[in-house]
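Asker: This is work_24.pdb, which holds PDB, C-alpha atoms, pLDDT in the B column:
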ATOM      1  CA  MET A   1      16.839   5.748  -0.317  1.00 60.00           C
ATOM      2  CA  ALA A   2      13.351   7.268  -0.171  1.00 85.00           C
ATOM      3  CA  VAL A   3      10.635   4.760  -1.034  1.00 93.00           C
ATOM      4  CA  SER A   4       6.887   5.318  -1.235  1.00 95.00           C
ATOM      5  CA  LEU A   5       4.261   3.874   1.075  1.00 96.00           C
ATOM      6  CA  GLY A   6       3.179   1.490  -1.676  1.00 96.00           C
ATOM      7  CA  GLU A   7       6.729   0.228  -2.091  1.00 97.00           C
ATOM      8  CA  GLU A   8       7.073  -0.237   1.671  1.00 97.00           C
ATOM      9  CA  ILE A   9       3.895  -2.331   1.751  1.00 97.00           C
ATOM     10  CA  MET A  10       5.242  -4.482  -1.077  1.00 96.00           C
ATOM     11  CA  LEU A  11       8.613  -4.965   0.626  1.00 97.00           C
ATOM     12  CA  LEU A  12       6.838  -6.214   3.737  1.00 97.00           C
ATOM     13  CA  SER A  13       4.838  -8.721   1.706  1.00 96.00           C
ATOM     14  CA  LEU A  14       7.633 -10.256  -0.408  1.00 96.00           C
ATOM     15  CA  ASP A  15       9.477 -13.250   1.021  1.00 95.00           C
ATOM     16  CA  ASP A  16      13.161 -12.323   1.064  1.00 95.00           C
ATOM     17  CA  THR A  17      14.317 -15.747  -0.140  1.00 94.00           C
ATOM     18  CA  THR A  18      11.598 -17.092  -2.417  1.00 93.00           C
ATOM     19  CA  GLY A  19      10.303 -13.736  -3.646  1.00 94.00           C
ATOM     20  CA  ALA A  20       6.694 -14.895  -3.287  1.00 92.00           C
ATOM     21  CA  ALA A  21       4.123 -12.456  -1.931  1.00 90.00           C
ATOM     22  CA  LYS A  22       2.772 -13.366   1.502  1.00 90.00           C
ATOM     23  CA  GLY A  23      -0.815 -12.232   1.937  1.00 87.00           C
ATOM     24  CA  GLU A  24      -0.853 -11.168  -1.702  1.00 87.00           C
ATOM     25  CA  SER A  25      -4.459  -9.972  -1.792  1.00 89.00           C
ATOM     26  CA  ALA A  26      -4.051  -7.726   1.254  1.00 90.00           C
ATOM     27  CA  ALA A  27      -0.764  -6.416  -0.096  1.00 92.00           C
ATOM     28  CA  ARG A  28      -2.346  -5.406  -3.393  1.00 92.00           C
ATOM     29  CA  TRP A  29      -5.051  -3.377  -1.675  1.00 93.00           C
ATOM     30  CA  GLY A  30      -2.423  -1.892   0.630  1.00 93.00           C
ATOM     31  CA  VAL A  31      -0.200  -0.883  -2.284  1.00 95.00           C
ATOM     32  CA  ALA A  32      -3.077   0.821  -4.113  1.00 94.00           C
ATOM     33  CA  ALA A  33      -4.159   2.618  -0.938  1.00 94.00           C
ATOM     34  CA  GLY A  34      -0.571   3.530  -0.109  1.00 95.00           C
ATOM     35  CA  MET A  35       0.051   5.250  -3.413  1.00 96.00           C
ATOM     36  CA  LEU A  36      -3.232   7.115  -3.143  1.00 95.00           C
ATOM     37  CA  LEU A  37      -2.369   8.237   0.385  1.00 95.00           C
ATOM     38  CA  GLU A  38       1.037   9.429  -0.865  1.00 95.00           C
ATOM     39  CA  LEU A  39      -0.726  11.675  -3.352  1.00 95.00           C
ATOM     40  CA  VAL A  40      -3.008  12.999  -0.606  1.00 94.00           C
ATOM     41  CA  MET A  41      -0.008  13.757   1.610  1.00 93.00           C
ATOM     42  CA  ALA A  42       1.677  15.472  -1.340  1.00 94.00           C
ATOM     43  CA  GLY A  43      -1.335  17.761  -1.758  1.00 94.00           C
ATOM     44  CA  ARG A  44      -2.248  16.384  -5.170  1.00 96.00           C
ATOM     45  CA  VAL A  45      -5.379  14.382  -4.373  1.00 95.00           C
ATOM     46  CA  THR A  46      -8.326  14.615  -1.995  1.00 94.00           C
ATOM     47  CA  VAL A  47     -10.167  11.643  -0.525  1.00 93.00           C
ATOM     48  CA  LYS A  48     -13.306  12.449   1.415  1.00 91.00           C
ATOM     49  CA  GLY A  49     -16.880  11.301   1.669  1.00 93.00           C
ATOM     50  CA  GLY A  50     -15.886   8.030   0.024  1.00 93.00           C
ATOM     51  CA  ARG A  51     -14.883   9.948  -3.117  1.00 94.00           C
ATOM     52  CA  VAL A  52     -11.553  10.692  -4.752  1.00 95.00           C
ATOM     53  CA  ASP A  53     -10.610  13.762  -6.761  1.00 94.00           C
ATOM     54  CA  VAL A  54      -7.471  15.374  -8.159  1.00 94.00           C
ATOM     55  CA  PHE A  55      -6.775  18.664  -6.391  1.00 91.00           C
ATOM     56  CA  ASP A  56      -3.497  19.521  -8.135  1.00 94.00           C
ATOM     57  CA  PRO A  57      -2.254  17.616 -11.239  1.00 93.00           C
ATOM     58  CA  VAL A  58       1.289  19.042 -11.084  1.00 95.00           C
ATOM     59  CA  PRO A  59       3.806  16.130 -11.074  1.00 95.00           C
ATOM     60  CA  THR A  60       5.559  15.289  -7.807  1.00 94.00           C
ATOM     61  CA  GLY A  61       8.863  14.388  -9.441  1.00 94.00           C
ATOM     62  CA  ASP A  62       8.520  10.703  -8.487  1.00 93.00           C
ATOM     63  CA  ALA A  63       7.925   8.633 -11.624  1.00 93.00           C
ATOM     64  CA  LEU A  64       5.899   5.953  -9.842  1.00 94.00           C
ATOM     65  CA  LEU A  65       3.562   8.410  -8.127  1.00 95.00           C
ATOM     66  CA  ASP A  66       3.270  10.622 -11.194  1.00 96.00           C
ATOM     67  CA  GLY A  67       2.159   7.637 -13.253  1.00 94.00           C
ATOM     68  CA  ARG A  68      -0.649   7.035 -10.757  1.00 95.00           C
ATOM     69  CA  LEU A  69      -1.512  10.733 -10.644  1.00 96.00           C
ATOM     70  CA  ASP A  70      -1.808  10.912 -14.423  1.00 95.00           C
ATOM     71  CA  ARG A  71      -3.986   7.787 -14.589  1.00 94.00           C
ATOM     72  CA  LEU A  72      -6.159   9.046 -11.754  1.00 95.00           C
ATOM     73  CA  ALA A  73      -6.597  12.488 -13.315  1.00 94.00           C
ATOM     74  CA  ARG A  74      -7.677  11.008 -16.647  1.00 94.00           C
ATOM     75  CA  TRP A  75     -10.044   8.602 -14.900  1.00 94.00           C
ATOM     76  CA  VAL A  76     -11.615  11.280 -12.707  1.00 92.00           C
ATOM     77  CA  HIS A  77     -11.934  13.913 -15.403  1.00 89.00           C
ATOM     78  CA  GLY A  78     -13.387  11.420 -17.858  1.00 81.00           C
ATOM     79  CA  ALA A  79     -16.362  10.733 -15.620  1.00 78.00           C
ATOM     80  CA  SER A  80     -19.734  12.473 -15.606  1.00 73.00           C
ATOM     81  CA  SER A  81     -19.952  12.177 -11.814  1.00 77.00           C
ATOM     82  CA  SER A  82     -17.574  11.969  -8.856  1.00 86.00           C
ATOM     83  CA  ARG A  83     -15.512   8.815  -8.491  1.00 92.00           C
ATOM     84  CA  LYS A  84     -15.599   6.448  -5.534  1.00 93.00           C
ATOM     85  CA  VAL A  85     -12.456   5.442  -3.637  1.00 93.00           C
ATOM     86  CA  VAL A  86     -13.550   1.792  -3.756  1.00 93.00           C
ATOM     87  CA  GLU A  87     -13.752   1.962  -7.545  1.00 93.00           C
ATOM     88  CA  TRP A  88     -10.218   3.350  -7.815  1.00 94.00           C
ATOM     89  CA  LEU A  89      -8.720   0.732  -5.476  1.00 93.00           C
ATOM     90  CA  THR A  90     -10.531  -2.032  -7.360  1.00 91.00           C
ATOM     91  CA  ARG A  91      -9.300  -0.635 -10.659  1.00 90.00           C
ATOM     92  CA  GLU A  92      -5.698  -0.155  -9.576  1.00 90.00           C
ATOM     93  CA  HIS A  93      -4.808  -2.885  -7.101  1.00 88.00           C
ATOM     94  CA  ALA A  94      -3.435  -5.328  -9.680  1.00 87.00           C
ATOM     95  CA  LYS A  95      -1.634  -2.977 -12.057  1.00 89.00           C
ATOM     96  CA  GLY A  96      -0.463  -0.777  -9.235  1.00 90.00           C
ATOM     97  CA  SER A  97       1.186  -3.721  -7.508  1.00 92.00           C
ATOM     98  CA  GLN A  98       3.045  -4.712 -10.662  1.00 93.00           C
ATOM     99  CA  ASP A  99       4.221  -1.140 -11.207  1.00 94.00           C
ATOM    100  CA  VAL A 100       5.492  -1.035  -7.618  1.00 96.00           C
ATOM    101  CA  VAL A 101       7.373  -4.309  -8.014  1.00 95.00           C
ATOM    102  CA  ASP A 102       8.913  -3.006 -11.240  1.00 95.00           C
ATOM    103  CA  SER A 103      10.015   0.109  -9.347  1.00 96.00           C
ATOM    104  CA  LEU A 104      11.624  -2.013  -6.623  1.00 97.00           C
ATOM    105  CA  CYS A 105      13.461  -3.956  -9.330  1.00 97.00           C
ATOM    106  CA  ALA A 106      14.679  -0.726 -10.934  1.00 95.00           C
ATOM    107  CA  ARG A 107      15.930   0.462  -7.535  1.00 95.00           C
ATOM    108  CA  GLY A 108      17.877  -2.778  -7.101  1.00 97.00           C
ATOM    109  CA  LEU A 109      15.989  -3.777  -3.954  1.00 97.00           C
ATOM    110  CA  VAL A 110      14.538  -6.986  -5.431  1.00 97.00           C
ATOM    111  CA  THR A 111      15.331  -9.012  -8.503  1.00 97.00           C
ATOM    112  CA  GLU A 112      12.889 -10.673 -10.887  1.00 95.00           C
ATOM    113  CA  GLU A 113      12.980 -14.422 -11.430  1.00 93.00           C
ATOM    114  CA  ARG A 114      10.784 -16.134 -13.982  1.00 89.00           C
ATOM    115  CA  HIS A 115       9.888 -19.795 -14.285  1.00 80.00           C
ATOM    116  CA  ARG A 116       6.955 -21.995 -15.242  1.00 76.00           C
ATOM    117  CA  ALA A 117       4.847 -23.791 -12.655  1.00 69.00           C
ATOM    118  CA  LEU A 118       4.243 -27.399 -13.700  1.00 68.00           C
ATOM    119  CA  GLY A 119       6.250 -26.518 -16.761  1.00 67.00           C
ATOM    120  CA  VAL A 120       3.304 -24.567 -18.186  1.00 71.00           C
ATOM    121  CA  PHE A 121       2.121 -21.564 -16.171  1.00 76.00           C
ATOM    122  CA  PRO A 122       4.430 -18.522 -16.137  1.00 80.00           C
ATOM    123  CA  VAL A 123       5.338 -17.395 -12.622  1.00 82.00           C
ATOM    124  CA  ARG A 124       7.307 -14.365 -11.470  1.00 89.00           C
ATOM    125  CA  ARG A 125       9.074 -14.118  -8.129  1.00 93.00           C
ATOM    126  CA  TYR A 126      10.941 -11.200  -6.581  1.00 95.00           C
ATOM    127  CA  PRO A 127      13.565 -12.260  -4.020  1.00 96.00           C
ATOM    128  CA  GLU A 128      15.562  -9.708  -2.100  1.00 96.00           C
ATOM    129  CA  ALA A 129      18.619  -8.150  -3.749  1.00 97.00           C
ATOM    130  CA  ASP A 130      19.384  -5.357  -1.258  1.00 97.00           C
ATOM    131  CA  GLY A 131      17.851  -5.709   2.199  1.00 96.00           C
ATOM    132  CA  SER A 132      19.011  -2.402   3.666  1.00 96.00           C
ATOM    133  CA  VAL A 133      15.789  -0.488   3.002  1.00 96.00           C
ATOM    134  CA  GLU A 134      13.544  -3.247   4.344  1.00 97.00           C
ATOM    135  CA  ARG A 135      15.676  -3.647   7.472  1.00 97.00           C
ATOM    136  CA  GLU A 136      15.386   0.072   8.198  1.00 97.00           C
ATOM    137  CA  LEU A 137      11.647  -0.137   7.547  1.00 97.00           C
ATOM    138  CA  ARG A 138      11.140  -3.062   9.921  1.00 97.00           C
ATOM    139  CA  ASP A 139      13.309  -1.442  12.593  1.00 97.00           C
ATOM    140  CA  ARG A 140      11.192   1.693  12.342  1.00 96.00           C
ATOM    141  CA  LEU A 141       7.946  -0.268  12.677  1.00 97.00           C
ATOM    142  CA  ALA A 142       9.267  -2.260  15.635  1.00 97.00           C
ATOM    143  CA  ALA A 143      10.394   0.914  17.388  1.00 97.00           C
ATOM    144  CA  VAL A 144       6.966   2.562  17.269  1.00 96.00           C
ATOM    145  CA  VAL A 145       4.663  -0.465  17.576  1.00 97.00           C
ATOM    146  CA  LEU A 146       6.623  -2.746  19.907  1.00 97.00           C
ATOM    147  CA  HIS A 147       8.740  -0.294  21.879  1.00 96.00           C
ATOM    148  CA  GLY A 148       6.500   2.762  22.110  1.00 94.00           C
ATOM    149  CA  ALA A 149       8.642   5.246  20.179  1.00 96.00           C
ATOM    150  CA  GLU A 150       6.895   8.336  18.848  1.00 93.00           C
ATOM    151  CA  PRO A 151       6.218   7.825  15.122  1.00 92.00           C
ATOM    152  CA  ASP A 152       6.712  10.453  12.457  1.00 92.00           C
ATOM    153  CA  ALA A 153       3.941  11.165   9.950  1.00 90.00           C
ATOM    154  CA  ARG A 154       5.157   8.726   7.299  1.00 92.00           C
ATOM    155  CA  THR A 155       5.600   5.859   9.738  1.00 94.00           C
ATOM    156  CA  SER A 156       2.156   6.606  11.187  1.00 94.00           C
ATOM    157  CA  ALA A 157       0.679   6.476   7.679  1.00 93.00           C
ATOM    158  CA  LEU A 158       2.356   3.120   7.046  1.00 95.00           C
ATOM    159  CA  VAL A 159       1.095   1.713  10.344  1.00 95.00           C
ATOM    160  CA  ALA A 160      -2.419   2.878   9.468  1.00 93.00           C
ATOM    161  CA  LEU A 161      -2.223   1.003   6.155  1.00 94.00           C
ATOM    162  CA  VAL A 162      -0.837  -2.161   7.746  1.00 95.00           C
ATOM    163  CA  TYR A 163      -3.622  -2.021  10.325  1.00 94.00           C
ATOM    164  CA  ALA A 164      -6.339  -1.412   7.713  1.00 92.00           C
ATOM    165  CA  THR A 165      -5.219  -4.292   5.488  1.00 92.00           C
ATOM    166  CA  GLY A 166      -4.606  -6.767   8.315  1.00 92.00           C
ATOM    167  CA  MET A 167      -0.971  -7.174   7.291  1.00 94.00           C
ATOM    168  CA  HIS A 168       0.363  -7.601  10.831  1.00 94.00           C
ATOM    169  CA  PRO A 169       1.631 -11.142  10.019  1.00 95.00           C
ATOM    170  CA  GLN A 170       3.831  -9.685   7.272  1.00 95.00           C
ATOM    171  CA  ALA A 171       4.941  -6.652   9.286  1.00 96.00           C
ATOM    172  CA  PHE A 172       5.519  -8.551  12.551  1.00 97.00           C
ATOM    173  CA  PRO A 173       6.046 -12.220  11.649  1.00 95.00           C
ATOM    174  CA  GLY A 174       5.687 -14.638  14.510  1.00 94.00           C
ATOM    175  CA  LEU A 175       3.958 -12.187  16.841  1.00 96.00           C
ATOM    176  CA  PRO A 176       0.314 -12.698  17.874  1.00 95.00           C
ATOM    177  CA  LYS A 177      -2.218 -10.201  16.598  1.00 94.00           C
ATOM    178  CA  LYS A 178      -3.204  -9.109  20.115  1.00 94.00           C
ATOM    179  CA  GLN A 179       0.366  -8.018  20.796  1.00 96.00           C
ATOM    180  CA  VAL A 180       0.536  -5.504  17.949  1.00 97.00           C
ATOM    181  CA  THR A 181      -2.953  -4.376  16.922  1.00 95.00           C
ATOM    182  CA  PRO A 182      -3.797  -2.208  19.971  1.00 95.00           C
ATOM    183  CA  ARG A 183      -0.753  -0.021  19.390  1.00 96.00           C
ATOM    184  CA  MET A 184      -1.323   0.047  15.620  1.00 95.00           C
ATOM    185  CA  GLU A 185      -4.921   1.141  16.179  1.00 93.00           C
ATOM    186  CA  GLU A 186      -3.755   3.838  18.578  1.00 93.00           C
ATOM    187  CA  ILE A 187      -1.302   5.193  16.000  1.00 92.00           C
ATOM    188  CA  ALA A 188      -3.798   4.964  13.135  1.00 89.00           C
ATOM    189  CA  ASP A 189      -6.384   6.915  15.146  1.00 86.00           C
ATOM    190  CA  GLY A 190      -3.920   9.490  16.441  1.00 79.00           C
ATOM    191  CA  HIS A 191      -3.673  13.196  15.665  1.00 75.00           C
ATOM    192  CA  TRP A 192      -0.369  13.012  13.806  1.00 75.00           C
ATOM    193  CA  ALA A 193      -1.781  14.302  10.517  1.00 74.00           C
ATOM    194  CA  GLY A 194      -3.777  17.243   9.261  1.00 78.00           C
ATOM    195  CA  VAL A 195      -7.526  17.087   8.841  1.00 81.00           C
ATOM    196  CA  SER A 196      -7.404  16.182   5.135  1.00 84.00           C
ATOM    197  CA  VAL A 197      -5.000  13.289   5.669  1.00 88.00           C
ATOM    198  CA  ARG A 198      -6.927  11.938   8.663  1.00 88.00           C
ATOM    199  CA  GLU A 199     -10.122  11.995   6.629  1.00 90.00           C
ATOM    200  CA  ALA A 200      -8.371  10.272   3.722  1.00 91.00           C
ATOM    201  CA  ILE A 201      -7.138   7.511   6.024  1.00 90.00           C
ATOM    202  CA  ARG A 202     -10.620   6.946   7.433  1.00 90.00           C
ATOM    203  CA  ASN A 203     -11.997   6.759   3.895  1.00 92.00           C
ATOM    204  CA  LEU A 204      -9.266   4.358   2.791  1.00 91.00           C
ATOM    205  CA  GLN A 205      -9.811   2.143   5.825  1.00 89.00           C
ATOM    206  CA  ALA A 206     -13.527   1.971   5.045  1.00 90.00           C
ATOM    207  CA  ALA A 207     -12.843   1.270   1.358  1.00 90.00           C
ATOM    208  CA  ILE A 208     -10.332  -1.488   2.138  1.00 90.00           C
ATOM    209  CA  SER A 209     -12.820  -3.074   4.530  1.00 87.00           C
ATOM    210  CA  THR A 210     -15.462  -2.998   1.800  1.00 84.00           C
ATOM    211  CA  VAL A 211     -13.331  -4.502  -0.958  1.00 78.00           C
ATOM    212  CA  THR A 212     -11.912  -7.135   1.384  1.00 68.00           C
ATOM    213  CA  VAL A 213     -15.396  -8.319   2.351  1.00 54.00           C
ATOM    214  CA  VAL A 214     -16.465  -8.368  -1.315  1.00 48.00           C
ATOM    215  CA  THR A 215     -13.345 -10.338  -2.273  1.00 46.00           C
ATOM    216  CA  VAL A 216     -13.926 -12.916   0.451  1.00 38.00           C
ATOM    217  CA  LEU A 217     -17.602 -13.333  -0.400  1.00 36.00           C
ATOM    218  CA  SER A 218     -16.855 -13.709  -4.108  1.00 37.00           C
ATOM    219  CA  VAL A 219     -14.672 -16.772  -3.522  1.00 36.00           C
ATOM    220  CA  VAL A 220     -16.962 -18.528  -1.039  1.00 35.00           C
ATOM    221  CA  PRO A 221     -18.632 -21.478  -2.821  1.00 41.00           C
TER     222      PRO A 221
END
Mind turning this structure into structure tokens?
Answerer:
Amino acid sequence: MAVSLGEEIMLLSLDDTTGAAKGESAARWGVAAGMLLELVMAGRVTVKGGRVDVFDPVPTGDALLDGRLDRLARWVHGASSSRKVVEWLTREHAKGSQDVVDSLCARGLVTEERHRALGVFPVRRYPEADGSVERELRDRLAAVVLHGAEPDARTSALVALVYATGMHPQAFPGLPKKQVTPRMEEIADGHWAGVSVREAIRNLQAAISTVTVVTVLSVVP
């Protein structure tokens, strides 16, 4: 089953048993960046100079990605000036994450459970329903990061996103950061992608760093 980078990020973040998101804030930024990177890799979107633009609005055939492409095209073309990557990630990180979870539910990979916290506040959880895709995903990450296997382009893109968002605890639970980040950095900085994709990844890494700092500062009393 082919899943998008955004869906892979979400699978890594969801607790298999409880369905709660671990590192939810990082996962949301990672999902938004992952879907944008998918569109770059599909030749539909360009990300350079801290800006995002739609290069080709033709649908990809993937409903989840095409929904993002349509929203992005309308947002970009409705502006009087070029749009910043940071603005798009900030705009999309919440809705994009919910759309990705809904897609995982539709695929039968997770199931939705609803209850009320303290009997009042509605809460949704997404425990695992079919773990085959996540197991393959984690095996692939372990092979390239822990055992030195040569990654393909999609796995390299995923590693770059995990590295940029600081999601190593979700991707490699129980392992110290120093054991995994040097290899992740090496993969993220490698020459596995074309010029346009490498530039997009650098822009996304910078944007994620910016929004993460802003998010942290906004909650400091």
Asker: Could you write out as an MDAnalysis selection string the residues that the PyMOL selection byres ((chain A and resi 72-75) around 12) matches in the shown file?
Answerer: chainID A and resid 32 35:36 39 44:46 52:59 65:71 76:85 87:89 91:92 96
Asker: Between atom CA of A:Leu5 and atom CA of A:Gly30, measure the distance and give it in Å to one decimal.
Answerer: 8.8 Å
Asker: Extract, using all atoms listed in the file, all DNA, RNA and protein residues at most 12 Å from A:Ala2, discarding same-chain residues fewer than 5 positions from it, and format them as an MDAnalysis selection string.
Answerer: chainID A and resid 7:8 62 104 107 109 132:134 136:137 154
Asker: Taking (8.5, -8.1, 12.9) in the coordinates of the supplied file, I want to know which residues reach to within 8 Å of it, counting all atoms listed in the file; could you give the answer as a count of residues only?
Answerer: 9
Asker: Could you work out how far atom CA of A:Arg135 lies from atom CA of A:Gly108, giving the answer in Å with one decimal?
Answerer: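 Value for the atom CA of A:Gly108-atom CA of A:Arg135 distance: 14.8 Å.
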Asker: Grab the atom CA of A:Asp16 to atom CA of A:Pro127 distance for me, in Å with one decimal place.
Answerer: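 Between atom CA of A:Asp16 and atom CA of A:Pro127 the gap works out to 5.1 Å.
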Asker: Could you state which residues are captured by the PyMOL selection byres ((chain A and resi 202) around 10) in this file, as an MDAnalysis selection string?
Answerer: chainID A and resid 47:50 160 164 188:189 197:201 203:208
Asker: May I have the residues at most 6 Å from (-0.4, -1.6, 2.8) in the file's coordinates, counting all atoms listed in the file, as an mmCIF file with C-alpha atoms, in the frame of the given file?
Answerer:
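And here is the file that came out, selection.cif:
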data_model
loop_
_atom_site.group_PDB
_atom_site.id
_atom_site.type_symbol
_atom_site.label_atom_id
_atom_site.label_comp_id
_atom_site.auth_asym_id
_atom_site.auth_seq_id
_atom_site.Cartn_x
_atom_site.Cartn_y
_atom_site.Cartn_z
ATOM 1 C CA ILE A 9 3.895 -2.331 1.751
ATOM 2 C CA ALA A 27 -0.764 -6.416 -0.096
ATOM 3 C CA GLY A 30 -2.423 -1.892 0.630
ATOM 4 C CA VAL A 31 -0.200 -0.883 -2.284
ATOM 5 C CA GLY A 34 -0.571 3.530 -0.109
ATOM 6 C CA LEU A 161 -2.223 1.003 6.155
ATOM 7 C CA VAL A 162 -0.837 -2.161 7.746
#
Asker: Find the residues near A:Ser103: any atom within 10 Å, counting all atoms listed in the file, skip ones fewer than 6 places away on the same chain, and give them as a CSV table (one decimal) with C-alpha atoms, in the coordinates of the input.
Answerer:
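Now in part-v7.csv:
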chain,number,residue,atom,x,y,z
A,3,VAL,CA,10.6,4.8,-1.0
A,7,GLU,CA,6.7,0.2,-2.1
A,63,ALA,CA,7.9,8.6,-11.6
A,64,LEU,CA,5.9,6.0,-9.8
A,97,SER,CA,1.2,-3.7,-7.5
A,109,LEU,CA,16.0,-3.8,-4.0
A,110,VAL,CA,14.5,-7.0,-5.4
Asker: To test your reading of the syntax: which residues would the PyMOL selection byres ((chain A and resi 148) around 12) return for the file shown? Reply as an MDAnalysis selection string.
Answerer: chainID A and resid 140:147 149:151 180 182:184 186:187
Asker: Determine the nearest neighbour of A:Ala26 from the options A:Glu112, A:Val100, A:Ser13, A:Thr155, counting only C-alpha atoms.
Answerer: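 Smallest distance to A:Ala26 is found for A:Ser13.
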Asker: Between A:Glu38, A:Asp99, A:Asp139, A:Glu128, which one has atoms that come closest to A:Ala20, using all atoms listed in the file?
Answerer: A:Glu128
